[in-house]
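S.K.: structure_19.txt is reproduced below (compact mmCIF, N, CA, C and O atoms).
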```txt
# COMPACT_ATOMS: atom_id res chain seq x y z
N MET A 27 5.51 -71.80 172.86
CA MET A 27 5.91 -70.87 173.89
C MET A 27 6.09 -69.45 173.34
O MET A 27 5.73 -68.50 173.95
N ASP A 28 6.67 -69.36 172.14
CA ASP A 28 6.90 -68.05 171.55
C ASP A 28 5.60 -67.36 171.16
O ASP A 28 5.49 -66.15 171.25
N ARG A 29 4.63 -68.15 170.70
CA ARG A 29 3.34 -67.56 170.33
C ARG A 29 2.68 -66.90 171.53
O ARG A 29 2.10 -65.83 171.40
N ILE A 30 2.78 -67.56 172.66
CA ILE A 30 2.16 -67.01 173.87
C ILE A 30 2.81 -65.70 174.28
O ILE A 30 2.13 -64.72 174.59
N SER A 31 4.14 -65.65 174.26
CA SER A 31 4.83 -64.43 174.65
C SER A 31 4.56 -63.30 173.66
O SER A 31 4.44 -62.14 174.05
N ILE A 32 4.47 -63.62 172.38
CA ILE A 32 4.16 -62.60 171.37
C ILE A 32 2.75 -62.07 171.57
O ILE A 32 2.52 -60.86 171.52
N LYS A 33 1.79 -62.96 171.84
CA LYS A 33 0.41 -62.53 172.09
C LYS A 33 0.34 -61.67 173.34
O LYS A 33 -0.35 -60.67 173.37
N MET A 34 1.07 -62.06 174.38
CA MET A 34 1.06 -61.32 175.63
C MET A 34 1.62 -59.92 175.43
O MET A 34 1.08 -58.95 175.95
N LYS A 35 2.70 -59.80 174.68
CA LYS A 35 3.28 -58.49 174.40
C LYS A 35 2.29 -57.63 173.62
O LYS A 35 2.18 -56.42 173.85
N GLY A 36 1.58 -58.25 172.69
CA GLY A 36 0.58 -57.51 171.92
C GLY A 36 -0.56 -57.01 172.79
O GLY A 36 -0.99 -55.87 172.66
N ILE A 37 -1.02 -57.87 173.69
CA ILE A 37 -2.11 -57.49 174.60
C ILE A 37 -1.66 -56.37 175.53
O ILE A 37 -2.38 -55.39 175.74
N LEU A 38 -0.45 -56.50 176.09
CA LEU A 38 0.06 -55.46 176.99
C LEU A 38 0.27 -54.14 176.25
O LEU A 38 0.03 -53.07 176.80
N GLY A 39 0.69 -54.22 174.99
CA GLY A 39 0.84 -53.01 174.19
C GLY A 39 -0.49 -52.31 173.96
O GLY A 39 -0.57 -51.08 174.03
N ILE A 40 -1.52 -53.08 173.69
CA ILE A 40 -2.86 -52.51 173.49
C ILE A 40 -3.35 -51.84 174.78
O ILE A 40 -3.88 -50.73 174.75
N ILE A 41 -3.15 -52.52 175.92
CA ILE A 41 -3.58 -51.96 177.21
C ILE A 41 -2.83 -50.65 177.47
O ILE A 41 -3.44 -49.66 177.88
N LEU A 42 -1.52 -50.64 177.23
CA LEU A 42 -0.72 -49.44 177.47
C LEU A 42 -1.19 -48.28 176.59
O LEU A 42 -1.31 -47.15 177.06
N LYS A 43 -1.48 -48.56 175.32
CA LYS A 43 -1.96 -47.51 174.42
C LYS A 43 -3.30 -46.95 174.88
O LYS A 43 -3.55 -45.75 174.83
N ARG A 44 -4.18 -47.83 175.36
CA ARG A 44 -5.49 -47.38 175.85
C ARG A 44 -5.33 -46.51 177.10
O ARG A 44 -6.03 -45.52 177.27
N LEU A 45 -4.44 -46.92 178.00
CA LEU A 45 -4.21 -46.14 179.22
C LEU A 45 -3.64 -44.77 178.90
O LEU A 45 -4.01 -43.78 179.53
N GLN A 46 -2.77 -44.69 177.91
CA GLN A 46 -2.15 -43.42 177.56
C GLN A 46 -3.13 -42.45 176.92
O GLN A 46 -2.84 -41.26 176.84
N LEU A 47 -4.29 -42.92 176.50
CA LEU A 47 -5.31 -42.04 175.95
C LEU A 47 -6.06 -41.28 177.04
O LEU A 47 -6.72 -40.29 176.75
N LEU A 48 -5.95 -41.73 178.28
CA LEU A 48 -6.65 -41.07 179.38
C LEU A 48 -5.95 -39.76 179.74
O LEU A 48 -4.77 -39.56 179.45
N SER A 49 -6.66 -38.88 180.44
CA SER A 49 -6.14 -37.54 180.71
C SER A 49 -5.14 -37.53 181.86
O SER A 49 -5.04 -38.48 182.65
N PHE A 50 -4.42 -36.43 181.96
CA PHE A 50 -3.46 -36.22 183.04
C PHE A 50 -4.14 -36.28 184.40
O PHE A 50 -3.65 -36.91 185.33
N LYS A 51 -5.29 -35.64 184.49
CA LYS A 51 -6.03 -35.60 185.75
C LYS A 51 -6.44 -37.01 186.18
O LYS A 51 -6.34 -37.37 187.36
N THR A 52 -6.87 -37.82 185.25
CA THR A 52 -7.23 -39.21 185.55
C THR A 52 -6.01 -39.98 186.06
O THR A 52 -6.10 -40.75 187.00
N GLY A 53 -4.86 -39.75 185.45
CA GLY A 53 -3.63 -40.40 185.88
C GLY A 53 -3.25 -40.04 187.31
O GLY A 53 -2.85 -40.91 188.09
N VAL A 54 -3.42 -38.77 187.65
CA VAL A 54 -3.11 -38.33 189.01
C VAL A 54 -4.07 -38.97 190.01
O VAL A 54 -3.66 -39.44 191.07
N ILE A 55 -5.34 -39.03 189.66
CA ILE A 55 -6.33 -39.64 190.55
C ILE A 55 -6.04 -41.12 190.75
O ILE A 55 -6.08 -41.62 191.87
N VAL A 56 -5.73 -41.84 189.68
CA VAL A 56 -5.41 -43.26 189.79
C VAL A 56 -4.15 -43.46 190.62
O VAL A 56 -4.09 -44.34 191.48
N LEU A 57 -3.15 -42.62 190.39
CA LEU A 57 -1.90 -42.73 191.14
C LEU A 57 -2.12 -42.46 192.62
O LEU A 57 -1.60 -43.17 193.48
N LEU A 58 -2.91 -41.45 192.95
CA LEU A 58 -3.18 -41.15 194.36
C LEU A 58 -4.07 -42.19 195.03
O LEU A 58 -4.00 -42.37 196.25
N SER A 59 -4.89 -42.88 194.24
CA SER A 59 -5.77 -43.88 194.83
C SER A 59 -5.03 -45.13 195.28
O SER A 59 -5.58 -45.96 196.00
N CYS A 60 -3.75 -45.26 194.93
CA CYS A 60 -2.98 -46.40 195.41
C CYS A 60 -2.59 -46.22 196.87
O CYS A 60 -2.36 -47.22 197.57
N ILE A 61 -2.56 -45.01 197.38
CA ILE A 61 -2.13 -44.75 198.76
C ILE A 61 -3.02 -45.45 199.79
O ILE A 61 -2.50 -46.11 200.69
N PRO A 62 -4.36 -45.35 199.70
CA PRO A 62 -5.18 -46.06 200.68
C PRO A 62 -4.96 -47.57 200.67
O PRO A 62 -5.01 -48.21 201.72
N PHE A 63 -4.69 -48.14 199.49
CA PHE A 63 -4.47 -49.58 199.43
C PHE A 63 -3.15 -49.97 200.08
O PHE A 63 -3.05 -51.01 200.71
N TYR A 64 -2.12 -49.13 199.95
CA TYR A 64 -0.87 -49.39 200.66
C TYR A 64 -1.10 -49.35 202.17
O TYR A 64 -0.62 -50.20 202.91
N ILE A 65 -1.83 -48.35 202.62
CA ILE A 65 -2.11 -48.21 204.05
C ILE A 65 -2.90 -49.41 204.55
O ILE A 65 -2.57 -50.01 205.58
N LEU A 66 -3.95 -49.78 203.83
CA LEU A 66 -4.77 -50.92 204.24
C LEU A 66 -4.00 -52.23 204.22
O LEU A 66 -4.21 -53.10 205.08
N SER A 67 -3.08 -52.38 203.27
CA SER A 67 -2.35 -53.65 203.17
C SER A 67 -1.49 -53.90 204.40
O SER A 67 -1.30 -55.05 204.80
N PHE A 68 -0.99 -52.83 205.01
CA PHE A 68 -0.18 -53.02 206.22
C PHE A 68 -1.00 -52.84 207.49
O PHE A 68 -0.71 -53.48 208.51
N ALA A 69 -2.03 -52.00 207.47
CA ALA A 69 -2.84 -51.79 208.67
C ALA A 69 -3.65 -53.02 209.03
O ALA A 69 -3.92 -53.26 210.22
N GLN A 70 -4.02 -53.83 208.08
CA GLN A 70 -4.83 -55.02 208.37
C GLN A 70 -4.05 -56.04 209.19
O GLN A 70 -4.63 -56.93 209.80
N MET A 71 -2.73 -55.89 209.26
CA MET A 71 -1.93 -56.81 210.06
C MET A 71 -2.19 -56.66 211.56
O MET A 71 -1.89 -57.55 212.34
N MET A 72 -2.75 -55.53 211.97
CA MET A 72 -3.01 -55.28 213.39
C MET A 72 -4.25 -56.03 213.89
O MET A 72 -4.42 -56.19 215.09
N PHE A 73 -5.10 -56.47 212.99
CA PHE A 73 -6.33 -57.12 213.40
C PHE A 73 -6.11 -58.57 213.80
O PHE A 73 -5.11 -59.18 213.46
N GLN A 74 -7.05 -59.12 214.52
CA GLN A 74 -6.94 -60.48 215.06
C GLN A 74 -7.49 -61.51 214.08
O GLN A 74 -8.44 -62.21 214.38
N TYR A 75 -6.90 -61.61 212.92
CA TYR A 75 -7.29 -62.61 211.94
C TYR A 75 -6.26 -63.72 211.95
O TYR A 75 -5.16 -63.58 212.49
N SER A 76 -6.59 -64.83 211.31
CA SER A 76 -5.62 -65.91 211.18
C SER A 76 -4.50 -65.47 210.22
O SER A 76 -4.67 -64.56 209.41
N ALA A 77 -3.38 -66.13 210.32
CA ALA A 77 -2.23 -65.77 209.49
C ALA A 77 -2.52 -65.96 208.01
O ALA A 77 -2.09 -65.16 207.17
N SER A 78 -3.28 -67.00 207.68
CA SER A 78 -3.58 -67.23 206.26
C SER A 78 -4.50 -66.13 205.71
O SER A 78 -4.32 -65.69 204.57
N LEU A 79 -5.46 -65.68 206.51
CA LEU A 79 -6.34 -64.60 206.05
C LEU A 79 -5.56 -63.30 205.92
O LEU A 79 -5.74 -62.56 204.95
N LYS A 80 -4.67 -63.04 206.87
CA LYS A 80 -3.84 -61.83 206.77
C LYS A 80 -2.98 -61.87 205.51
O LYS A 80 -2.82 -60.86 204.82
N GLY A 81 -2.45 -63.05 205.21
CA GLY A 81 -1.64 -63.19 204.00
C GLY A 81 -2.43 -62.94 202.74
O GLY A 81 -1.96 -62.26 201.82
N MET A 82 -3.62 -63.50 202.69
CA MET A 82 -4.47 -63.30 201.51
C MET A 82 -4.86 -61.84 201.37
O MET A 82 -4.83 -61.28 200.27
N LEU A 83 -5.25 -61.21 202.48
CA LEU A 83 -5.62 -59.79 202.42
C LEU A 83 -4.44 -58.94 201.98
O LEU A 83 -4.60 -58.01 201.19
N TRP A 84 -3.24 -59.26 202.49
CA TRP A 84 -2.07 -58.49 202.12
C TRP A 84 -1.80 -58.61 200.62
O TRP A 84 -1.53 -57.62 199.96
N VAL A 85 -1.88 -59.82 200.09
CA VAL A 85 -1.62 -60.03 198.66
C VAL A 85 -2.64 -59.26 197.82
O VAL A 85 -2.28 -58.59 196.85
N ILE A 86 -3.90 -59.32 198.21
CA ILE A 86 -4.95 -58.63 197.45
C ILE A 86 -4.77 -57.11 197.52
O ILE A 86 -4.77 -56.42 196.50
N LEU A 87 -4.62 -56.58 198.74
CA LEU A 87 -4.53 -55.12 198.91
C LEU A 87 -3.23 -54.56 198.33
O LEU A 87 -3.23 -53.52 197.67
N PHE A 88 -2.12 -55.24 198.57
CA PHE A 88 -0.84 -54.78 198.03
C PHE A 88 -0.85 -54.91 196.51
O PHE A 88 -0.31 -54.04 195.81
N GLY A 89 -1.46 -55.95 195.99
CA GLY A 89 -1.58 -56.11 194.54
C GLY A 89 -2.40 -54.99 193.91
O GLY A 89 -2.06 -54.47 192.84
N MET A 90 -3.49 -54.61 194.58
CA MET A 90 -4.29 -53.49 194.09
C MET A 90 -3.49 -52.19 194.10
O MET A 90 -3.56 -51.38 193.17
N ALA A 91 -2.72 -51.99 195.18
CA ALA A 91 -1.91 -50.78 195.29
C ALA A 91 -0.90 -50.71 194.14
O ALA A 91 -0.74 -49.67 193.49
N LYS A 92 -0.22 -51.83 193.88
CA LYS A 92 0.77 -51.86 192.80
C LYS A 92 0.11 -51.69 191.43
O LYS A 92 0.63 -51.00 190.56
N THR A 93 -1.05 -52.30 191.26
CA THR A 93 -1.77 -52.17 189.99
C THR A 93 -2.15 -50.72 189.73
O THR A 93 -1.96 -50.20 188.63
N LEU A 94 -2.68 -50.06 190.76
CA LEU A 94 -3.05 -48.65 190.61
C LEU A 94 -1.82 -47.77 190.41
O LEU A 94 -1.84 -46.81 189.63
N GLN A 95 -0.73 -48.09 191.10
CA GLN A 95 0.49 -47.31 190.95
C GLN A 95 1.02 -47.39 189.52
O GLN A 95 1.28 -46.36 188.89
N TYR A 96 1.18 -48.60 189.01
CA TYR A 96 1.71 -48.74 187.66
C TYR A 96 0.71 -48.27 186.60
O TYR A 96 1.10 -47.75 185.56
N GLY A 97 -0.58 -48.44 186.86
CA GLY A 97 -1.59 -47.92 185.94
C GLY A 97 -1.54 -46.41 185.87
O GLY A 97 -1.60 -45.82 184.79
N GLY A 98 -1.42 -45.76 187.03
CA GLY A 98 -1.31 -44.30 187.06
C GLY A 98 -0.07 -43.80 186.36
O GLY A 98 -0.10 -42.82 185.62
N LEU A 99 1.04 -44.50 186.56
CA LEU A 99 2.28 -44.10 185.89
C LEU A 99 2.17 -44.31 184.38
O LEU A 99 2.70 -43.51 183.60
N ALA A 100 1.48 -45.35 183.96
CA ALA A 100 1.29 -45.59 182.52
C ALA A 100 0.40 -44.51 181.91
O ALA A 100 0.62 -44.08 180.78
N ILE A 101 -0.60 -44.08 182.66
CA ILE A 101 -1.48 -43.02 182.16
C ILE A 101 -0.71 -41.71 182.05
O ILE A 101 -0.82 -41.00 181.05
N LEU A 102 0.07 -41.38 183.07
CA LEU A 102 0.80 -40.12 183.07
C LEU A 102 1.89 -40.09 182.00
O LEU A 102 2.06 -39.10 181.30
N GLY A 103 2.65 -41.15 181.91
CA GLY A 103 3.76 -41.18 180.97
C GLY A 103 4.90 -40.31 181.46
O GLY A 103 4.86 -39.70 182.53
N VAL A 104 5.94 -40.22 180.68
CA VAL A 104 7.14 -39.47 181.06
C VAL A 104 6.83 -37.98 181.19
O VAL A 104 7.25 -37.32 182.15
N GLU A 105 6.09 -37.44 180.24
CA GLU A 105 5.78 -36.00 180.27
C GLU A 105 4.90 -35.65 181.47
O GLU A 105 5.08 -34.61 182.09
N GLY A 106 3.97 -36.50 181.80
CA GLY A 106 3.11 -36.25 182.95
C GLY A 106 3.87 -36.29 184.27
O GLY A 106 3.61 -35.51 185.18
N ILE A 107 4.83 -37.19 184.37
CA ILE A 107 5.65 -37.27 185.58
C ILE A 107 6.51 -36.02 185.71
O ILE A 107 6.64 -35.45 186.80
N LYS A 108 7.06 -35.53 184.59
CA LYS A 108 7.82 -34.28 184.62
C LYS A 108 6.92 -33.12 185.05
O LYS A 108 7.33 -32.25 185.82
N ARG A 109 5.71 -33.13 184.56
CA ARG A 109 4.74 -32.08 184.92
C ARG A 109 4.42 -32.11 186.42
O ARG A 109 4.35 -31.06 187.06
N LEU A 110 4.26 -33.31 186.97
CA LEU A 110 4.01 -33.44 188.41
C LEU A 110 5.20 -32.96 189.23
O LEU A 110 5.02 -32.25 190.23
N LYS A 111 6.41 -33.34 188.83
CA LYS A 111 7.60 -32.90 189.56
C LYS A 111 7.72 -31.39 189.55
O LYS A 111 8.06 -30.78 190.57
N ASN A 112 7.47 -30.77 188.40
CA ASN A 112 7.54 -29.31 188.32
C ASN A 112 6.49 -28.65 189.21
O ASN A 112 6.76 -27.61 189.82
N ALA A 113 5.31 -29.24 189.29
CA ALA A 113 4.26 -28.69 190.15
C ALA A 113 4.68 -28.75 191.62
O ALA A 113 4.46 -27.80 192.38
N PHE A 114 5.29 -29.86 192.04
CA PHE A 114 5.76 -29.97 193.42
C PHE A 114 6.89 -28.99 193.70
O PHE A 114 6.95 -28.39 194.77
N LYS A 115 7.79 -28.79 192.73
CA LYS A 115 8.89 -27.83 192.91
C LYS A 115 8.35 -26.41 193.05
O LYS A 115 8.81 -25.65 193.91
N ARG A 116 7.38 -26.05 192.22
CA ARG A 116 6.78 -24.71 192.32
C ARG A 116 6.11 -24.51 193.67
O ARG A 116 6.22 -23.45 194.28
N ARG A 117 5.42 -25.53 194.14
CA ARG A 117 4.72 -25.45 195.42
C ARG A 117 5.73 -25.29 196.57
O ARG A 117 5.52 -24.51 197.47
N GLN A 118 6.84 -26.03 196.52
CA GLN A 118 7.87 -25.93 197.55
C GLN A 118 8.52 -24.56 197.54
O GLN A 118 8.78 -23.97 198.58
N ASN A 119 8.78 -24.03 196.35
CA ASN A 119 9.40 -22.69 196.26
C ASN A 119 8.47 -21.62 196.80
O ASN A 119 8.91 -20.68 197.43
N ARG A 120 7.18 -21.77 196.53
CA ARG A 120 6.20 -20.79 197.04
C ARG A 120 6.12 -20.84 198.55
O ARG A 120 6.10 -19.82 199.21
N SER A 121 6.04 -22.04 199.12
CA SER A 121 5.90 -22.17 200.57
C SER A 121 7.21 -21.80 201.27
O SER A 121 7.19 -21.30 202.38
N GLY A 122 8.34 -22.02 200.65
CA GLY A 122 9.63 -21.69 201.25
C GLY A 122 9.90 -20.20 201.26
O GLY A 122 10.53 -19.67 202.17
N SER A 123 9.38 -19.47 200.28
CA SER A 123 9.64 -18.03 200.20
C SER A 123 8.66 -17.22 201.04
O SER A 123 8.90 -16.06 201.31
N GLU A 124 7.56 -17.82 201.49
CA GLU A 124 6.57 -17.10 202.30
C GLU A 124 7.04 -16.91 203.74
O GLU A 124 6.71 -15.93 204.38
N GLY A 125 7.75 -17.92 204.29
CA GLY A 125 8.09 -17.91 205.71
C GLY A 125 9.39 -17.29 205.94
O GLY A 125 9.93 -16.72 206.72
```
Show how you would write the structure in this file as structure tokens.
M.R.:
Amino acid sequence: MDRISIKMKGILGIILKRLQLLSFKTGVIVLLSCIPFYILSFAQMMFQYSASLKGMLWVILFGMAKTLQYGGLAILGVEGIKRLKNAFKRRQNRSGSEG
């Protein structure tokens, strides 16, 4: 049991290091691409499918949304998230001072 958990931690560490090599712009694109999957995961409930198909679609679409969300956050890292927050603050200050 311990060997498996150690191997899994090693694999996840390798994946995280590879993701962190990607650029800030790529991280933002991956993070924003989770939004359509969130919308689709809940919008598909309006269609006339069977409950089991709706459940499967929800699991797949919501899982993709979460995967893209956490992948984007892993690519951005702490510094990238700070950079995004500062960009939003600057944009809000600019739009607030114009009107």
S.K.: Point out the residue among A:Met71, A:Gly103, A:Ile61, A:Phe114 with the least atom-to-atom distance to Met90 of chain A, counting all atoms listed in the file.
M.R.: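 Among the listed residues, the smallest separation from Met90 of chain A belongs to A:Ile61.
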S.K.: Can you work out the spacing between atom CA of Gly81 of chain A and atom CA of Leu99 of chain A in Å, to one decimal?
M.R.: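 One can read the atom CA of Gly81 of chain A to atom CA of Leu99 of chain A distance as 26.6 Å.
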S.K.: Just want the 12 Å neighbourhood of Leu110 of chain A, counted on only C-alpha atoms, with same-chain residues fewer than 3 positions away dropped. Output as a list in words.
M.R.: Phe50, Lys51, Gly53, Val54, Leu57, Leu99, Leu102, Gly103, Val104, Glu105, Gly106, Ile107, Ala113, Phe114, Lys115, Arg116 and Arg117 of chain A
S.K.: Just the number, please: distance in Å from atom CA of Lys92 of chain A to atom CA of Gly36 of chain A, one decimal.
M.R.: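 Computing it gives 21.6 Å between the two atoms.
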S.K.: Could you please determine the separation between atom CA of Trp84 of chain A and atom CA of Ser59 of chain A in Å, to one decimal place?
M.R.: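 Atom CA of Ser59 of chain A lies 16.7 Å from atom CA of Trp84 of chain A.
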S.K.: Please return the centre and edge lengths, in Å to one decimal, of a box with edges along x, y and z that contains all listed atoms of segment 99-102 of chain A, widened by 3 Å on every side, as AutoDock Vina command-line options.
M.R.:
```
--center_x 0.6 --center_y -42.3 --center_z 183.7 --size_x 10.2 --size_y 12.5 --size_z 11.8
```
S.K.: Using only N, CA, C and O atoms, can you tell me which of A:Ile65, A:Ser121, A:Lys111, A:Ile101 comes closest to Ser49 of chain A?
M.R.: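 Ranked by minimum distance to Ser49 of chain A, first place goes to A:Ile101.
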